[in-house]
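> Structure provided below as structure tokens; questions to follow.
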Amino acid sequence: MDLETALSKSAQLHLCDGILRGALLRRRAELRKSWRRFISSECLESLGSLAKGIESFLSGQDAFRDWQFAATVTWMNCDATFLDCVRTIALAGMVEYQPSDTPPPRLLPLDLSKLSSNERFEALYARYRCPLNMGVASESDIAEELLRQLMVQDRAKLEAGAEFGVDLILLKLNLIGIRALITRDLRFLDAVNYFYELPQRSLRRMHANPRFLSFWLCIYAQLLSTPDWQKCGLR
Amino acid sequence: MRVAVIAGSISGGIRIAKEIENLTGLDVFVVVCNVGKRSPLLRWSRELLLALKSFEWGTFTARVYSYSRKRKLIVLPRPLDDATSIERLRSLQCDIGLHAANVIYHDPTISAFRLGILNAHIGILPKYRGRCVAEWSVLQGDPTGVTVFFIDSGIDTGARIVLREFIPSNAWNSVRPLKNMLFGCDARLYRKALEVLMQPGVRFEGNDVSKGRRYYVMSKMFIRIVDEILRDRANLVR
């Protein structure tokens, strides 16, 4: 009997889990030391009063909030702005929301891909005013489309050193990071890994939006501190 | 049945043709397309290098000569989806194409073959579509293997699966040799798929995309994790 037959799926996942957890924590430790490579002093300064919170979150211990409940909600409405909500999520705070049974009209991936870069940004920004909605079941098609765009076109642009829309890419990275926090889908976590690993010269242009950049890194820090990734493999 | 191996190099095409050419009732062509629109000098230097690497220079040249003489080795000067290339493919009146080139197929190319183009995908469909699927299978504790199916213009979404073969990954202690082994199964599995297709009343397994996910290129961090998992499992076997 070969090993794959002999080991049940849960036993195999248990084997993988320790290795995955160790690697994520090592990356978190690395991020704790090296986040200044991503957020320069000028970037940090431009964040104003937010800088201190970002700095202590990235340099501090492994804080994370469990957002999995969001996957079970139909829709959430927030009074706060998109930026305020992302900041709260990024710093593992509590987002105030009102559950709703009536989600907005469905946004189709095809419709999204037809929009110009600016229109796409506006559409996502408005739709995900409460960014936790990125993790609800009805948004999985859009989440898949954002993942595809990031890992196919956007990745290719960054790797080739071509021009790219900083705001839109960072918005997508924040949203897929939030999706990963909620759904524990390893593909979404790995997309964040992939962009984090890109050479610094590819990421330098992202300094143009220090808020989105720092929120993204804080979300990544939470993803790395999340303990139960392999559970999704059993679903 | 007329079959064309669509290859990115002569040596790649001949390797697969060699495996299937003695199947009874099969007429095999090798179509070499210009992947990456290389210049003639670059293209032929690469061909020469690949042929030399095969270490079977004598057999290889004999086969190339034989296929050329029978006009069964077709070198397309233009990209595969160019109108002239598609016209040339149509003129061969092939039933099946075998994917062995690093290209994306569009509908006009696929429909140049009566039954379509087969792909030996190094993952188990419908669960694992896209890239790095062997690595993702290992990471998520699933079996590795190869699926031979008829492609459509989507990413591993073709509806007709001809066969799936589970191939254990536990003897391999890192990703690269595991993937090389899986990629290297293509010729044998194409042969097996053609044998299935030549039987009367063949039935296909469906490829229900709702039962799977599309995967993407893996980060260096996750590749290192998969390497570690493979190494640990290989040690357990020993």
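Residues in the structure tokens are numbered from 1 in each chain, the chains being A, B, ... in the order shown, and ligands are numbered from 1 in the order shown.
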Phe64 (chain A): which residues within 8 Å, counting only C-alpha atoms, same-chain residues fewer than 4 positions away excluded, as an MDAnalysis selection string?
chainID A and resid 92 222:223 225:226
> Neighbours of Leu224 (chain A) within 7 Å (only C-alpha atoms; same-chain residues fewer than 5 positions away dropped), as a list in words?
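In the requested format, the answer is Leu24, Leu25 and Arg28 of chain A.
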> Return as an NGL selection string the full set of residues in region 7-208 of chain A whose backbone-based DSSP assignment is alpha helix (DSSP H).
:A and (9-34 or 41-46 or 50-59 or 82-90 or 109-114 or 117-127 or 140-149 or 155-160 or 166-183 or 186-197 or 200-203)
> Any idea which chain B residues end up within 7 Å of chain A if we count only C-alpha atoms, as a list in words please?
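Using only C-alpha atoms, chain B residues at most 7 Å from chain A: Leu139, Gln140, Gly141, Asp142, Pro143, Pro168, Asn170, Tyr215, Tyr216, Met218, Ser219, Ile225, Ile229 and Val237 of chain B.
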> Restricted to N, CA, C and O atoms, what would the selected residues look like written as an mmCIF file, in the first residue's frame?

```cif
data_model
loop_
_atom_site.group_PDB
_atom_site.id
_atom_site.type_symbol
_atom_site.label_atom_id
_atom_site.label_comp_id
_atom_site.auth_asym_id
_atom_site.auth_seq_id
_atom_site.Cartn_x
_atom_site.Cartn_y
_atom_site.Cartn_z
ATOM 1 N N LEU B 139 -0.148 20.165 -1.271
ATOM 2 C CA LEU B 139 -0.387 21.063 -0.130
ATOM 3 C C LEU B 139 -1.724 20.787 0.532
ATOM 4 O O LEU B 139 -1.857 20.903 1.753
ATOM 5 N N GLN B 140 -2.711 20.405 -0.278
ATOM 6 C CA GLN B 140 -4.054 20.222 0.289
ATOM 7 C C GLN B 140 -4.375 18.758 0.558
ATOM 8 O O GLN B 140 -5.537 18.392 0.751
ATOM 9 N N GLY B 141 -3.330 17.929 0.562
ATOM 10 C CA GLY B 141 -3.488 16.532 0.941
ATOM 11 C C GLY B 141 -4.286 15.706 -0.054
ATOM 12 O O GLY B 141 -4.906 14.706 0.324
ATOM 13 N N ASP B 142 -4.284 16.110 -1.314
ATOM 14 C CA ASP B 142 -5.018 15.368 -2.343
ATOM 15 C C ASP B 142 -4.069 14.549 -3.215
ATOM 16 O O ASP B 142 -2.879 14.875 -3.314
ATOM 17 N N PRO B 143 -4.595 13.515 -3.875
ATOM 18 C CA PRO B 143 -3.723 12.715 -4.734
ATOM 19 C C PRO B 143 -3.263 13.494 -5.962
ATOM 20 O O PRO B 143 -3.984 14.378 -6.443
ATOM 21 N N PRO B 168 1.109 8.458 -7.628
ATOM 22 C CA PRO B 168 1.560 8.869 -6.289
ATOM 23 C C PRO B 168 2.781 9.782 -6.335
ATOM 24 O O PRO B 168 3.654 9.638 -7.201
ATOM 25 N N ASN B 170 4.646 10.212 -3.510
ATOM 26 C CA ASN B 170 5.416 9.993 -2.280
ATOM 27 C C ASN B 170 6.872 9.577 -2.499
ATOM 28 O O ASN B 170 7.651 9.586 -1.564
ATOM 29 N N TYR B 215 -6.427 27.301 -10.067
ATOM 30 C CA TYR B 215 -5.242 27.629 -9.283
ATOM 31 C C TYR B 215 -4.276 28.453 -10.123
ATOM 32 O O TYR B 215 -4.342 28.426 -11.355
ATOM 33 N N TYR B 216 -3.381 29.135 -9.436
ATOM 34 C CA TYR B 216 -2.460 30.047 -10.114
ATOM 35 C C TYR B 216 -1.033 29.717 -9.717
ATOM 36 O O TYR B 216 -0.804 28.869 -8.860
ATOM 37 N N MET B 218 2.334 29.515 -7.970
ATOM 38 C CA MET B 218 2.501 29.462 -6.519
ATOM 39 C C MET B 218 3.648 30.366 -6.053
ATOM 40 O O MET B 218 4.643 30.521 -6.774
ATOM 41 N N SER B 219 3.505 30.910 -4.868
ATOM 42 C CA SER B 219 4.577 31.756 -4.315
ATOM 43 C C SER B 219 5.782 30.877 -3.948
ATOM 44 O O SER B 219 5.644 29.667 -3.764
ATOM 45 N N ILE B 225 7.174 25.105 1.120
ATOM 46 C CA ILE B 225 6.348 24.275 2.015
ATOM 47 C C ILE B 225 6.063 22.925 1.347
ATOM 48 O O ILE B 225 6.185 21.869 1.981
ATOM 49 N N ILE B 229 6.965 19.177 2.611
ATOM 50 C CA ILE B 229 5.964 18.108 2.783
ATOM 51 C C ILE B 229 6.421 16.858 2.018
ATOM 52 O O ILE B 229 6.386 15.742 2.541
ATOM 53 N N VAL B 237 8.370 7.055 3.867
ATOM 54 C CA VAL B 237 8.334 5.861 3.019
ATOM 55 C C VAL B 237 9.584 5.009 3.222
ATOM 56 O O VAL B 237 9.531 3.795 3.274
#
```
> Going by DSSP on the backbone, which bits of region 2-233 of chain A are strand (DSSP E)? Write them as a ChimeraX atom specification, please.
/A:75-77,98-100
> Export C-alpha atoms of the chosen residues as a JSON list (two decimals), in the first residue's frame?

```json
[["chain", "number", "residue", "atom", "x", "y", "z"],
["A", 75, "TRP", "CA", -24.86, 41.23, 3.31],
["A", 76, "MET", "CA", -23.53, 43.87, 5.68],
["A", 77, "ASN", "CA", -24.11, 47.62, 5.65],
["A", 98, "GLN", "CA", -25.87, 46.10, 10.18],
["A", 99, "PRO", "CA", -26.75, 42.71, 8.69],
["A", 100, "SER", "CA", -29.07, 42.85, 5.71]]
```
> Could you name the residues that touch Ile161 (chain B) at 10 Å or less, counting only C-alpha atoms, but leaving out those on the same chain fewer than 6 positions away, as a PyMOL selection string?
chain B and resi 118-119+125-126+147-151+193+203-207
